[in-house]
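Undergrad: To be precise about what I am sending: the file is called target12.cif and holds mmCIF, C-alpha atoms.
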```cif
data_work
#
loop_
_atom_site.label_atom_id
_atom_site.label_comp_id
_atom_site.auth_asym_id
_atom_site.auth_seq_id
_atom_site.Cartn_x
_atom_site.Cartn_y
_atom_site.Cartn_z
CA MET A 14 101.45 66.92 99.21
CA ALA A 15 99.14 64.92 96.98
CA ASN A 16 97.58 63.16 100.00
CA ASP A 17 96.50 66.46 101.43
CA ARG A 18 94.77 67.70 98.32
CA GLU A 19 91.48 67.62 100.21
CA VAL A 20 92.83 70.27 102.56
CA LEU A 21 93.65 72.49 99.60
CA ARG A 22 90.12 71.95 98.31
CA GLU A 23 88.53 72.85 101.62
CA ILE A 24 90.59 76.01 101.84
CA TRP A 25 89.73 76.89 98.23
CA GLU A 26 86.03 76.50 98.85
CA GLY A 27 85.85 78.70 101.95
CA LYS A 28 83.10 81.30 101.44
CA ILE A 29 81.60 84.17 103.41
CA PRO A 30 78.03 85.51 103.13
CA VAL A 31 78.07 89.27 102.64
CA CYS A 32 75.23 91.77 102.69
CA PHE A 33 76.12 94.91 100.74
CA GLN A 34 74.15 98.08 101.43
CA LEU A 35 74.45 101.47 99.81
CA ASP A 36 75.48 104.28 102.17
CA SER A 37 72.18 105.96 103.07
CA GLU A 38 73.61 109.42 102.38
CA GLU A 39 74.36 108.48 98.81
CA VAL A 40 70.86 107.27 97.97
CA CYS A 41 69.31 109.76 95.56
CA GLU A 42 65.75 108.44 95.76
CA LEU A 43 63.11 108.40 98.47
CA GLN A 44 63.51 104.72 99.09
CA ALA A 45 66.82 102.98 99.71
CA PRO A 46 67.63 100.19 97.23
CA ASP A 47 67.45 96.58 98.39
CA PRO A 48 70.61 95.18 99.91
CA PHE A 49 72.65 92.89 97.69
CA TYR A 50 73.66 89.48 99.01
CA LEU A 51 76.65 87.49 97.81
CA MET A 52 78.62 84.43 98.83
CA VAL A 53 82.20 85.50 98.29
CA SER A 54 85.31 83.35 98.21
CA ARG A 55 87.65 83.90 101.12
CA LEU A 56 90.61 83.65 98.75
CA SER A 57 89.39 86.30 96.32
CA TYR A 58 89.66 90.09 96.41
CA PHE A 59 86.64 92.39 96.57
CA PRO A 60 87.24 94.08 93.19
CA LEU A 61 87.12 90.64 91.54
CA CYS A 62 83.65 89.76 92.78
CA THR A 63 81.73 93.01 93.15
CA ASP A 64 80.87 93.91 89.54
CA LYS A 65 77.27 92.93 90.23
CA VAL A 66 77.21 94.97 93.42
CA ARG A 67 78.29 98.04 91.50
CA LYS A 68 75.69 97.43 88.82
CA HIS A 69 72.95 96.94 91.41
CA PHE A 70 73.58 100.22 93.24
CA MET A 71 74.72 102.43 90.38
CA ARG A 72 71.26 103.52 89.29
CA HIS A 73 70.35 104.59 92.81
CA ILE A 74 73.01 107.24 93.20
CA GLN A 75 73.44 110.69 91.68
CA LEU A 76 74.20 110.64 88.00
CA ASP A 77 77.49 112.50 88.32
CA LYS A 78 78.80 109.93 90.83
CA GLN A 79 78.01 106.87 88.74
CA GLU A 80 81.41 106.68 87.10
CA ASN A 81 83.22 107.03 90.43
CA GLU A 82 85.30 104.24 91.85
CA MET A 83 83.30 102.14 94.28
CA TRP A 84 84.75 101.47 97.73
CA LEU A 85 83.65 99.44 100.71
CA GLU A 86 83.40 100.16 104.39
CA PHE A 87 82.81 98.08 107.49
CA ASN A 88 82.09 99.64 110.89
CA GLY A 89 83.32 103.02 109.67
CA ILE A 90 86.59 101.57 108.38
CA PRO A 91 87.41 101.54 104.64
CA LEU A 92 88.20 97.96 103.57
CA LYS A 93 91.57 97.46 101.89
CA TRP A 94 90.81 95.71 98.63
CA HIS A 95 94.38 94.49 98.28
CA LEU A 96 93.99 92.04 101.17
CA PRO A 97 92.23 88.76 100.38
CA ILE A 98 88.62 88.83 101.59
CA GLY A 99 89.24 86.05 104.13
CA VAL A 100 92.07 88.04 105.69
CA LEU A 101 89.84 91.10 106.10
CA PHE A 102 87.18 88.88 107.63
CA ASP A 103 89.62 87.33 110.12
CA ILE A 104 91.02 90.75 111.06
CA TYR A 105 87.56 92.09 111.92
CA SER A 106 85.99 88.79 112.95
CA ASN A 107 85.36 89.88 116.56
CA ASP A 108 82.99 92.58 115.33
CA ILE A 109 81.33 90.68 112.50
CA GLN A 110 78.01 88.90 112.59
CA LEU A 111 76.88 86.89 109.60
CA PRO A 112 75.99 87.92 107.04
CA TRP A 113 78.85 90.38 107.02
CA ASN A 114 77.29 93.85 106.62
CA ILE A 115 79.34 96.01 104.30
CA VAL A 116 78.51 99.57 103.26
CA VAL A 117 79.01 100.55 99.62
CA HIS A 118 80.26 104.03 98.68
CA PHE A 119 80.75 105.91 95.44
CA ASP A 120 81.60 109.25 97.01
CA LYS A 121 84.42 110.63 99.20
CA PHE A 122 87.07 108.07 98.32
CA PRO A 123 89.40 107.72 101.34
CA GLU A 124 92.58 108.65 99.46
CA ASN A 125 94.99 108.23 102.31
CA VAL A 126 93.61 104.94 103.57
CA ILE A 127 93.14 102.68 100.57
CA MET A 128 94.74 102.38 97.18
CA HIS A 129 92.85 103.11 94.01
CA CYS A 130 91.73 100.15 91.98
CA HIS A 131 90.43 101.29 88.62
CA ASN A 132 90.41 97.85 87.06
CA LYS A 133 91.24 94.23 87.64
CA GLU A 134 94.72 94.59 86.15
CA VAL A 135 95.68 96.53 89.26
CA VAL A 136 94.66 93.53 91.36
CA GLU A 137 96.55 91.22 89.03
CA ALA A 138 99.76 93.26 89.37
CA HIS A 139 99.44 93.26 93.14
CA PHE A 140 98.66 89.54 93.25
CA LEU A 141 101.65 88.60 91.10
CA ALA A 142 103.94 90.91 93.08
CA CYS A 143 102.96 89.01 96.24
CA ILE A 144 103.65 85.67 94.56
CA LYS A 145 107.07 86.94 93.47
CA GLU A 146 107.90 88.17 96.93
CA ALA A 147 106.84 84.85 98.42
CA ASP A 148 109.09 83.04 95.95
CA VAL A 149 112.03 85.27 96.92
CA LEU A 150 111.49 84.01 100.46
CA LYS A 151 110.89 80.37 99.52
CA HIS A 152 113.32 79.78 96.66
CA ARG A 153 115.33 83.01 96.33
CA GLY A 154 112.93 83.97 93.54
CA GLN A 155 114.31 81.34 91.19
CA LEU A 156 111.09 79.46 90.54
CA VAL A 157 108.82 82.32 89.68
CA SER A 158 111.40 83.90 87.38
CA SER A 159 111.88 80.60 85.56
CA MET A 160 108.15 80.50 84.78
CA GLN A 161 106.68 81.80 81.60
CA LYS A 162 104.15 84.56 81.22
CA LYS A 163 101.47 81.98 80.49
CA ASP A 164 102.12 80.33 83.86
CA HIS A 165 101.63 83.66 85.63
CA ASN A 166 98.45 84.11 83.61
CA GLN A 167 97.23 80.69 84.61
CA LEU A 168 97.69 81.48 88.32
CA TRP A 169 95.78 84.72 87.89
CA LEU A 170 92.98 83.27 85.77
CA GLY A 171 92.64 80.34 88.14
CA LEU A 172 91.99 82.74 90.99
CA LEU A 173 89.85 85.13 88.94
CA ASN A 174 87.59 82.39 87.57
CA ASP A 175 87.62 80.19 90.66
CA LYS A 176 89.29 77.28 88.85
CA PHE A 177 91.03 75.14 91.43
CA ASP A 178 92.71 72.73 89.01
CA GLN A 179 93.93 75.48 86.73
CA PHE A 180 95.46 77.37 89.62
CA TRP A 181 97.05 74.40 91.35
CA ALA A 182 98.52 72.96 88.15
CA VAL A 183 100.97 75.86 88.31
CA ASN A 184 100.95 76.67 92.01
CA ARG A 185 102.11 73.19 92.98
CA ARG A 186 105.47 74.00 91.39
CA LEU A 187 105.74 77.11 93.55
CA MET A 188 104.88 75.09 96.62
CA GLU A 189 107.53 72.44 96.09
CA ALA A 190 110.34 72.48 98.58
CA SER A 191 113.67 72.77 96.81
CA ASN A 192 115.13 70.33 99.30
CA ASN A 193 112.82 67.70 100.74
CA ASP A 194 114.45 67.59 104.15
CA GLU A 195 114.60 71.28 104.74
CA GLY A 196 111.61 72.71 102.96
CA PHE A 197 111.47 76.36 101.92
CA LYS A 198 114.32 78.71 102.62
CA TYR A 199 111.96 80.95 104.59
CA ILE A 200 108.23 80.74 105.27
CA PRO A 201 106.32 83.61 103.60
CA PHE A 202 103.90 84.95 106.18
CA ARG A 203 102.31 88.14 107.41
CA CYS A 204 101.05 88.32 110.95
CA TYR A 205 98.38 90.96 111.51
CA THR A 206 98.39 92.52 114.97
CA ASN A 207 95.56 94.92 114.23
CA GLU A 208 93.64 96.28 111.30
CA ASP A 209 96.47 98.19 109.70
CA LYS A 210 99.62 96.62 110.98
CA TYR A 211 101.39 93.39 110.23
CA ILE A 212 104.70 91.83 111.06
CA GLN A 213 106.81 90.05 108.49
CA LYS A 214 110.11 88.40 109.37
CA LEU A 215 112.52 85.77 108.14
CA VAL A 216 111.51 82.47 109.72
CA LYS A 217 112.94 79.17 108.56
CA PRO A 218 110.86 75.98 108.54
CA VAL A 219 113.62 74.03 110.33
CA SER A 220 115.73 74.84 113.37
CA GLU A 221 119.52 75.04 113.32
CA GLU A 222 119.60 71.51 114.64
CA GLY A 223 117.59 70.40 111.63
CA GLN A 224 114.34 69.91 113.54
CA ARG A 225 111.05 70.76 111.89
CA LYS A 226 109.64 73.94 113.36
CA THR A 227 105.98 74.43 114.20
CA LEU A 228 103.55 77.33 114.32
CA LYS A 229 104.50 77.72 117.97
CA HIS A 230 108.12 78.39 117.01
CA LEU A 231 107.06 80.99 114.49
CA LEU A 232 104.88 82.80 117.02
CA ASN A 233 107.73 82.73 119.56
CA GLU A 234 109.99 84.36 117.01
CA VAL A 235 107.44 86.99 116.03
CA PHE A 236 106.26 87.74 119.57
CA PRO A 237 109.24 86.96 121.83
CA ASP A 238 107.63 88.79 124.76
CA LYS A 239 104.21 87.22 124.56
CA GLU A 240 103.05 83.89 125.83
CA LYS A 241 100.03 81.92 124.74
CA VAL A 242 99.66 83.66 121.41
CA GLN A 243 97.04 82.26 119.07
CA VAL A 244 96.39 83.13 115.48
CA GLN A 245 93.50 82.70 113.13
CA THR A 246 93.57 82.02 109.41
CA HIS A 247 90.79 80.92 107.05
CA GLY A 248 88.47 81.25 110.05
CA ILE A 249 90.23 78.55 112.04
CA MET A 250 92.90 78.48 114.71
CA PRO A 251 95.52 76.01 113.51
CA PRO A 252 97.01 73.90 116.35
CA LEU A 253 100.31 75.34 117.56
CA GLU A 254 102.08 72.07 116.87
CA THR A 255 101.29 72.23 113.13
CA PRO A 256 104.58 71.96 111.20
CA LEU A 257 105.41 75.28 109.54
CA GLN A 258 106.36 73.79 106.20
CA TRP A 259 103.05 71.94 105.97
CA LEU A 260 101.17 75.05 107.03
CA SER A 261 102.87 77.09 104.33
CA GLU A 262 102.17 74.53 101.61
CA HIS A 263 98.52 74.05 102.51
CA LEU A 264 97.13 77.09 104.29
CA SER A 265 98.78 79.86 102.29
CA TYR A 266 96.49 82.13 100.31
CA PRO A 267 96.80 82.09 96.50
CA ASP A 268 99.32 84.94 96.88
CA ASN A 269 101.55 82.25 98.47
CA PHE A 270 101.63 83.97 101.87
CA LEU A 271 100.30 82.68 105.16
CA HIS A 272 98.07 85.46 106.52
CA LEU A 273 97.84 85.00 110.27
CA CYS A 274 95.64 87.23 112.41
CA LEU A 275 96.55 87.62 116.05
CA ASN A 276 93.64 86.38 118.12
CA THR A 277 92.79 88.95 120.72
CA SER A 278 89.62 87.46 122.14
CA MET B 15 124.21 104.92 90.12
CA ALA B 16 127.38 103.39 91.59
CA ASP B 17 127.71 102.56 95.24
CA ASN B 18 129.77 105.60 96.23
CA GLU B 19 126.75 107.60 97.37
CA GLU B 20 126.85 110.00 100.26
CA THR B 21 126.30 108.25 103.53
CA GLU B 22 126.67 111.02 106.02
CA THR B 23 123.30 112.16 107.20
CA GLY B 24 119.78 111.08 107.82
CA LEU B 25 116.60 112.62 106.56
CA CYS B 26 115.88 114.48 109.76
CA LEU B 27 119.29 115.91 110.35
CA GLU B 28 119.52 117.23 106.87
CA GLU B 29 116.06 118.64 107.18
CA SER B 30 116.94 120.51 110.33
CA THR B 31 120.34 121.79 109.24
CA LYS B 32 120.00 122.45 105.53
CA PRO B 33 116.35 123.10 104.88
CA GLU B 34 117.09 125.30 101.86
CA GLU B 35 118.27 122.32 99.83
CA THR B 36 114.97 120.50 99.91
CA PRO B 37 112.27 123.14 100.16
CA ASP B 38 109.74 121.05 98.30
CA LEU B 39 109.54 118.68 101.25
CA PHE B 40 107.73 121.32 103.22
CA ALA B 41 104.86 121.49 100.80
CA PRO B 42 101.60 121.48 102.75
CA GLU B 43 100.61 117.99 101.75
CA ALA B 44 99.84 114.77 103.53
CA GLY B 45 103.37 113.48 103.14
CA ALA B 46 104.88 116.67 104.50
CA LYS B 47 102.78 116.22 107.60
CA ASN B 48 104.32 112.80 108.03
CA LEU B 49 107.73 114.27 107.59
CA GLU B 50 107.14 116.66 110.46
CA THR B 51 106.11 113.71 112.57
CA VAL B 52 109.41 112.07 111.76
CA ILE B 53 111.30 115.18 112.73
CA SER B 54 109.48 115.65 115.98
CA SER B 55 109.89 112.04 116.99
CA ASP B 56 113.58 112.43 116.27
CA ASN B 57 113.76 115.36 118.62
CA HIS B 58 112.32 113.15 121.29
CA THR B 59 114.85 110.40 120.80
CA ILE B 60 117.86 112.71 120.69
CA PRO B 61 117.42 115.41 123.32
CA GLY B 62 119.58 118.43 122.70
CA SER B 63 119.86 117.37 119.05
CA GLU B 64 123.56 118.23 119.11
CA ALA B 65 124.33 114.66 118.20
CA PRO B 66 126.60 114.11 115.21
CA SER B 67 125.29 112.21 112.23
CA SER B 68 127.02 109.00 113.25
CA SER B 69 124.83 108.68 116.31
CA LEU B 70 121.78 109.32 114.20
CA ALA B 71 122.66 106.33 112.10
CA LYS B 72 122.63 104.24 115.24
CA ASP B 73 119.17 105.45 116.20
CA LYS B 74 117.29 102.21 116.65
CA THR B 75 114.00 103.66 115.48
CA LYS B 76 115.42 104.44 112.04
CA VAL B 77 116.57 102.40 109.12
CA ASP B 78 118.96 103.48 106.39
CA ILE B 79 117.45 103.17 102.98
CA LEU B 80 119.30 103.52 99.72
CA LEU B 81 117.25 104.76 96.78
CA LYS B 82 118.51 103.74 93.36
CA ALA B 83 117.12 104.90 90.05
CA THR B 84 116.42 102.36 87.33
CA ALA B 85 115.82 102.73 83.60
CA ASN B 86 114.31 106.11 82.78
CA ALA B 87 113.94 107.42 86.33
CA PRO B 88 115.89 110.54 87.29
CA ILE B 89 118.68 110.02 89.81
CA MET B 90 118.33 111.52 93.27
CA LYS B 91 121.15 113.78 94.35
CA LYS B 92 120.96 112.31 97.82
CA LYS B 93 120.37 108.60 97.79
CA LYS B 94 120.75 107.51 101.37
CA TRP B 95 118.15 108.44 103.95
CA ALA B 96 117.36 107.47 107.50
CA VAL B 97 113.69 106.68 107.77
CA SER B 98 111.46 105.77 110.68
CA GLN B 99 110.85 102.02 110.78
CA ASP B 100 107.10 102.48 110.97
CA GLN B 101 107.00 104.45 107.73
CA HIS B 102 105.06 102.83 104.91
CA ILE B 103 106.43 102.13 101.46
CA GLY B 104 103.61 104.25 99.99
CA TRP B 105 104.98 107.23 101.89
CA ILE B 106 108.48 106.61 100.53
CA SER B 107 107.03 106.56 97.05
CA GLU B 108 105.30 109.91 97.60
CA PHE B 109 108.50 111.28 99.09
CA ILE B 110 110.56 110.32 96.02
CA LYS B 111 107.91 111.79 93.74
CA ARG B 112 108.06 115.10 95.56
CA TYR B 113 111.85 115.07 95.71
CA LEU B 114 112.05 114.49 91.97
CA LYS B 115 109.20 116.95 91.40
CA LEU B 116 107.19 114.44 89.41
CA ASP B 117 103.63 115.23 88.46
CA ALA B 118 101.00 113.90 90.83
CA ASN B 119 99.64 111.64 88.10
CA GLU B 120 103.03 110.25 87.08
CA ARG B 121 103.52 106.74 88.31
CA LEU B 122 106.46 105.49 90.28
CA PHE B 123 107.27 101.84 90.89
CA LEU B 124 109.38 100.69 93.80
CA TYR B 125 111.19 97.37 93.85
CA ILE B 126 112.96 95.27 96.44
CA ASN B 127 115.75 92.87 95.45
CA GLN B 128 115.18 94.07 91.87
CA THR B 129 112.37 91.53 91.84
CA PHE B 130 109.06 92.50 93.36
CA ALA B 131 106.99 95.58 94.17
CA PRO B 132 106.11 95.67 97.88
CA PRO B 133 102.52 96.61 98.81
CA PRO B 134 102.17 100.31 99.74
CA ASP B 135 101.10 99.50 103.29
CA GLN B 136 104.24 97.46 103.92
CA THR B 137 106.49 99.01 106.57
CA VAL B 138 110.18 99.82 106.24
CA ARG B 139 110.74 97.67 109.34
CA ASN B 140 109.32 94.52 107.76
CA LEU B 141 111.23 95.04 104.53
CA TYR B 142 114.46 95.75 106.36
CA ASP B 143 114.01 92.66 108.55
CA CYS B 144 113.49 90.47 105.48
CA TYR B 145 115.57 92.07 102.75
CA GLY B 146 118.03 94.44 104.43
CA THR B 147 121.71 93.94 103.60
CA ASP B 148 124.78 95.48 105.23
CA GLY B 149 122.67 97.55 107.58
CA LYS B 150 120.53 99.12 104.91
CA LEU B 151 117.55 98.51 102.71
CA ILE B 152 118.03 99.04 98.98
CA ILE B 153 114.98 100.23 97.06
CA HIS B 154 114.99 100.64 93.30
CA TYR B 155 112.58 103.09 91.76
CA CYS B 156 111.39 103.39 88.22
CA LYS B 157 108.80 105.31 86.22
CA SER B 158 107.60 102.25 84.38
CA GLN B 159 107.27 98.63 85.42
CA ALA B 160 110.84 97.32 85.51
CA TRP B 161 110.52 93.84 86.91
CA GLY B 162 106.97 92.98 85.96
#
```
Please rewrite the model in this file as structure tokens.

TA:
Amino acid sequence: MANDREVLREIWEGKIPVCFQLDSEEVCELQAPDPFYLMVSRLSYFPLCTDKVRKHFMRHIQLDKQENEMWLEFNGIPLKWHLPIGVLFDIYSNDIQLPWNIVVHFDKFPENVIMHCHNKEVVEAHFLACIKEADVLKHRGQLVSSMQKKDHNQLWLGLLNDKFDQFWAVNRRLMEASNNDEGFKYIPFRCYTNEDKYIQKLVKPVSEEGQRKTLKHLLNEVFPDKEKVQVQTHGIMPPLETPLQWLSEHLSYPDNFLHLCLNTS
Amino acid sequence: MADNEETETGLCLEESTKPEETPDLFAPEAGAKNLETVISSDNHTIPGSEAPSSSLAKDKTKVDILLKATANAPIMKKKKWAVSQDQHIGWISEFIKRYLKLDANERLFLYINQTFAPPPDQTVRNLYDCYGTDGKLIIHYCKSQAWG
């Protein structure tokens, strides 16, 4: 694992240029405010990096809407804040040109489409729940429950403050295979088939004969009827012969899941 | 709370035969709309709808879920339900809230394996595939955070 630390670094440093614009119907002045540009981390979540966006647009909307929860939209679709930004980008990548144009709203919150997120603690709870679920799959939940509250905090603060070393000092324990030959019990992954659907199954990193399985095996198990399936994650298409255990240890998001987007192009 | 809960019927069958027991489910809300969808899709899969409950349980489009109360949460009179596999966990949460007549602003936490809270857009199918045991998916619910 230590030899591949550079891979972890590269993944950590993945960023996307975003151009935020206020919905024209919500502008309360004659002239629309300037767009707001940000480089956002693929691994982060929108509520963690859009405080400045909110501040920038707040004074350009009606006074009674200023305390409303801000939400984001791309191409007419509300963006789910609880997915990492890189996952959203990969899901919609066919329609995106850089910079990624995102519309900012303060009005008409799409109640049935996205969850509320009144503060960052909501993101934290969701993030830690994902890590716990991933550990149930990897180690029957034993590792995460043996950790202390301060370890959970360190994972969260590492992500929140973009501190690679802080995050990985704890996360490396979660990414250790309990048994070196066999790896994790199951590989935590979600495979997105379209914008609001994903498949999650139990897939082991080794076959019954004890052979290391690859991404190709996983895709065969998830899509038994499809041939030549390709998936995208972190903006790249990992080779199908990539060993699953390695993929899980290195290309998982901070929530400890592999987020694979079915490539339809 | 013990495991001797009723196992006889599914959500749809009970809805169609004994509607008077769960009138709140027909409230004109988003979730109720979903419920009607479930019922109508059921009618499609079982033409004639004379089928006994045992064949409902074998309906491949449905999954049995077992809802267990934890800590301060009220117990549900009927704990076992057959739910469409495509249903989201957020919908189940709304369903329990309505069944227990909780206030809209009261919070409800759902847990799998007594360990983690699944995201609201997670489907029953995915959870059953990963965490189902003995042909059913056990979901614990609670009015405060039970397992962090």

Undergrad: Could you tell me how far atom CA of Glu195 of chain A lies from atom CA of Leu156 of chain A, in Å and to one decimal?

TA: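 Computed distance, atom CA of Glu195 of chain A to atom CA of Leu156 of chain A, equals 16.8 Å.
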
Undergrad: Name every residue that the PyMOL selection byres ((chain A) within 7 of (chain B)) selects in this structure, writing the answer as a ChimeraX atom specification with chains first and numbers rising.

TA: /A:142,145-146,212-215

Undergrad: Taking the file as shown, find all residues satisfying the PyMOL selection byres ((chain A and resi 228) around 12) and write them as a VMD selection string.

TA: chain A and resid 200 202 204 216 to 219 225 to 227 229 to 236 241 to 245 250 to 261 264 271 273

Undergrad: Skip Leu35 of chain A itself and residues of its chain fewer than 6 positions away, then list as a VMD selection string all residues within 10 Å of it, counting only C-alpha atoms.

TA: chain A and resid 45 to 49 66 to 67 69 to 71 73 to 74 85 115 to 119

Undergrad: Near Ala190 of chain A, counting all atoms listed in the file, which residues have an atom at most 9 Å away, once you skip same-chain residues fewer than 5 positions from it, shown as a list in words?

TA: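 Near neighbours after the sequence-gap exclusion: Lys151, His152, Glu195, Gly196, Phe197, Lys198, Gln258 and Glu262 of chain A.
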
Undergrad: Could you state the separation of atom CA of Phe59 of chain A and atom CA of Pro97 of chain A in Å, given to one decimal place?

TA: 7.7 Å

Undergrad: One decimal, in Å: what's the spacing between atom CA of Asp175 of chain A and atom CA of Val136 of chain A?

TA: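 About the pair atom CA of Asp175 of chain A and atom CA of Val136 of chain A: they are 15.1 Å apart.
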
Undergrad: Would you pick out the contacts of Lys176 of chain A at 12 Å or less, using only C-alpha atoms, so that residues sharing its chain but fewer than 5 positions from it are not included, and give the list as a ChimeraX atom specification?

TA: /A:22,25-26,54,56-57,167-171,181-183,267

Undergrad: So which residues get picked by the PyMOL selection byres ((chain B and resi 81) around 8) here, written as a VMD selection string?

TA: chain B and resid 79 to 80 82 to 83 90 93 to 94 152 to 155

Undergrad: Could you tell me which of A:Leu111, A:Met52, A:Ile127, A:Leu141 comes closest to Asn166 of chain A if we count only C-alpha atoms?

TA: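 Of A:Leu111, A:Met52, A:Ile127, A:Leu141, the one nearest Asn166 of chain A is A:Leu141, counting only C-alpha atoms.
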